[in-house]
Amino acid sequence: MAEETSQTPPTTVPTRLIGPVAIRGSFMHADVMVPMATYETPLWPSTARGARVTSRAGGILAAVVNDRMTRSILVQATDADRAATIVAALTTMRAPLEDVVAKTSRFARLIDVVAEQVGNLLYIRFAVTTGDASGHNMATLAAEAAMNWLISTYPGLTYISLSANYCSDKKVSAVNGILGRGKHIVAETVIPEKLCRRYLKATPREITDINIKKNLVGSVLAGGVRTANAHFANMLLAVYLATGQDAANIIEGSQGIVFAEVKQGDLYFSVTLPNIIVGTVGNGKDLAFARENLEAMGCLDDREPGLNARRLAVIVGCTVLCGELSLIAALTNPGELMRTHGKLERAASRPPRQ
């Protein structure tokens, strides 16, 4: 499978710190400067504007709803009846499967098993904990061990694939939005009307109205899969690149929903992201720039193993909120988006003075 590769000059992506992002809540309470690596230069000041207004409003309350990594396997039974028997037995075989998974890693623990049957094919989705790792390899190793145990336990069951697309890795899917893959983060803030007008140049009513008509209705018309947001992917990619993450995971990561409403004249604004896939150990995190950025954000604390990746996911979710809020506010003002993009991108592409 491995092939020869040649060395190339290092690739660099312009990176800036934005913030501080004021994060509040029972899980994390800190003001964090967040590194964002991007070629889209307007993203920095836009996200910084969201950070500024949310900080002045008292910060962003963030919650970790769930934490799991998944891998699905595909096996085939001799017939549909045999397959159905195995699906029914999955509820009674949790204990031996948990033992099998636990032996593959000191961090991997089986927390859920979901099966779908198509003919005599069985698609079995395993969800495991993965500590501070994003967990791709850990979940795959656990799923392989579980699959081998199933095949040895049930005669007539045969291997088809170690990955069955029901995971669902780096693809948009309903199953990830429903069951989650990675860290499920909810971030919310309440911004007084006065601050909305001053920093966002929009009223709470205007922001909630455009969220309904653009994000919600527009996404329905487009056929969005459990998603309704303006540009989650922009902030996700920028932080992922700056912290050594697997950038392709923005595909499922950008699946999420913005919910906003007017509360006693003020703006309630939230983002829900069920699939933030990040880690603070593993491939990419040992690069010097990644370690420096993770450490600066307090995500390499040896005293709290297992919590660093969750802390990073919370930071990512709050950064997404800042960028999303700023863009939606900009869209309420005709001409602001292109005027700002044109000005900032021309300045960024202009050669430096000699």
# chains A, B, ... in the order shown; residues from 1 in each chain; ligands from 1
$ closest_atom_pairs --of "range 38-128 of chain A" --to "range 224-234 of chain A" --cutoff "10 Å" --atoms "only C-alpha atoms" --output "tab-separated table"
residue	atom	partner	partner_atom	distance
A:Thr38	CA	A:Asn234	CA	8.4
A:Glu40	CA	A:Asn234	CA	8.6
A:Leu43	CA	A:Asn234	CA	7.7
$ write_last_selection --atoms "C-alpha atoms" --output "tab-separated table (two decimals), in the first residue's frame"
chain	number	residue	atom	x	y	z
A	38	THR	CA	-6.36	30.52	6.26
A	40	GLU	CA	-9.23	33.88	3.28
A	43	LEU	CA	-11.95	35.58	8.14
$ residues_around --residues "range 202-210 of chain A" --least-positions-apart "3" --cutoff "7 Å" --atoms "only C-alpha atoms" --output "list in words"
Glu193, Cys196, Arg197, Lys213, Lys214, Ala260, Glu261, Val262, Asp266, Leu267, Ile328, Ala329 and Thr332 of chain A
$ residues_around --residues "Gly256 in chain A" --least-positions-apart "5" --cutoff "12 Å" --atoms "only C-alpha atoms" --output "PyMOL selection string"
chain A and resi 172-174+176-178+180+184-187+215-216+219+224-233+236+250-251+270-276+317+320-321+324
$ select_by_dssp --residues "range 112-327 of chain A" --states "alpha helix (DSSP H)" --output "PyMOL selection string"
chain A and resi 136-153+174-179+193-195+204-210+217-222+232-242+250-253+288-296+308-327
$ atom_distance --atom1 "CA of Lys171 in chain A" --atom2 "CA of Arg94 in chain A"
27.8 Å
$ residues_around --residues "range 57-63 of chain A" --least-positions-apart "2" --cutoff "8 Å" --atoms "only C-alpha atoms" --output "list in words"
Val21, Ala22, Ile23, Arg24, Gly25, Ser26, Phe27, Met28, Val53, Thr54, Ser55, Val65, Ile185, Val186, Ala187, Glu188, Thr189, Val190, Ile191, Pro192, Leu195, Val314, Gly317 and Cys318 of chain A
$ write_last_selection --atoms "C-alpha atoms" --output "PDB file, in the first residue's frame"
ATOM      1  CA  VAL A  21     -12.620  34.341  22.804  1.00  0.00           C
ATOM      2  CA  ALA A  22     -14.368  34.491  26.173  1.00  0.00           C
ATOM      3  CA  ILE A  23     -15.477  30.939  27.000  1.00  0.00           C
ATOM      4  CA  ARG A  24     -17.702  30.360  29.990  1.00  0.00           C
ATOM      5  CA  GLY A  25     -19.358  27.282  31.440  1.00  0.00           C
ATOM      6  CA  SER A  26     -18.892  24.399  33.844  1.00  0.00           C
ATOM      7  CA  PHE A  27     -16.465  22.573  31.576  1.00  0.00           C
ATOM      8  CA  MET A  28     -14.207  25.487  30.631  1.00  0.00           C
ATOM      9  CA  VAL A  53     -18.939  41.482  20.873  1.00  0.00           C
ATOM     10  CA  THR A  54     -19.470  38.158  22.671  1.00  0.00           C
ATOM     11  CA  SER A  55     -16.741  39.052  25.171  1.00  0.00           C
ATOM     12  CA  VAL A  65     -23.003  17.040  24.930  1.00  0.00           C
ATOM     13  CA  ILE A 185     -20.584  20.845  21.158  1.00  0.00           C
ATOM     14  CA  VAL A 186     -23.229  23.477  21.789  1.00  0.00           C
ATOM     15  CA  ALA A 187     -22.137  27.111  22.222  1.00  0.00           C
ATOM     16  CA  GLU A 188     -24.491  29.968  23.034  1.00  0.00           C
ATOM     17  CA  THR A 189     -24.452  33.651  23.915  1.00  0.00           C
ATOM     18  CA  VAL A 190     -26.874  36.440  24.708  1.00  0.00           C
ATOM     19  CA  ILE A 191     -25.999  39.850  23.266  1.00  0.00           C
ATOM     20  CA  PRO A 192     -27.801  42.983  24.439  1.00  0.00           C
ATOM     21  CA  LEU A 195     -24.058  45.840  21.667  1.00  0.00           C
ATOM     22  CA  VAL A 314     -15.068  23.685  22.987  1.00  0.00           C
ATOM     23  CA  GLY A 317     -17.170  25.507  18.758  1.00  0.00           C
ATOM     24  CA  CYS A 318     -16.921  28.966  20.329  1.00  0.00           C
TER      25      CYS A 318
END
$ atom_distance --atom1 "CA of Leu221 in chain A" --atom2 "CA of Tyr268 in chain A"
24.9 Å
$ residues_around --residues "Arg181 in chain A" --least-positions-apart "5" --cutoff "9 Å" --atoms "only C-alpha atoms" --output "PyMOL selection string"
chain A and resi 66-70+127+167-169+175-176+252-253+274-277
$ select_by_dssp --residues "range 103-157 of chain A" --states "strand (DSSP E or B)" --output "list of chain:residue names"
A:Arg109, A:Leu110, A:Ile111, A:Asp112, A:Val113, A:Val114, A:Ala115, A:Glu116, A:Gln117, A:Val118, A:Leu121, A:Leu122, A:Tyr123, A:Ile124, A:Arg125, A:Phe126, A:Ala127, A:Val128, A:Thr129, A:Ala133
$ closest_residue --among "A:Val118, A:Val258, A:Leu294, A:Val220" --to "Tyr240 in chain A" --atoms "only C-alpha atoms"
A:Leu294
$ closest_residue --among "A:Ile73, A:Cys299, A:Leu241, A:Ala164" --to "Thr15 in chain A" --atoms "only C-alpha atoms"
A:Leu241
$ closest_residue --among "A:Pro10, A:Val32, A:Tyr123, A:Gly131" --to "Ala51 in chain A" --atoms "only C-alpha atoms"
A:Val32
$ residues_around --residues "Met297 in chain A" --least-positions-apart "4" --cutoff "9 Å" --atoms "only C-alpha atoms" --output "PyMOL selection string"
chain A and resi 32-35+292-293+311-312+315
$ closest_residue --among "A:Ala95, A:Ala48, A:Val281, A:Ala83" --to "Val113 in chain A" --atoms "only C-alpha atoms"
A:Ala95
$ atom_distance --atom1 "CA of Pro20 in chain A" --atom2 "CA of Leu325 in chain A"
15.7 Å
$ closest_residue --among "A:Ile160, A:Asn120, A:Phe126, A:Ala146" --to "Thr104 in chain A" --atoms "only C-alpha atoms"
A:Ala146
$ residues_around --residues "Ser326 in chain A" --least-positions-apart "3" --cutoff "8 Å" --atoms "only C-alpha atoms" --output "MDAnalysis selection string"
chainID A and resid 46:47 49:50 200 322:323 329:330
$ closest_residue --among "A:Leu162, A:Val13, A:Ala242, A:Ala145" --to "Arg291 in chain A" --atoms "only C-alpha atoms"
A:Ala242
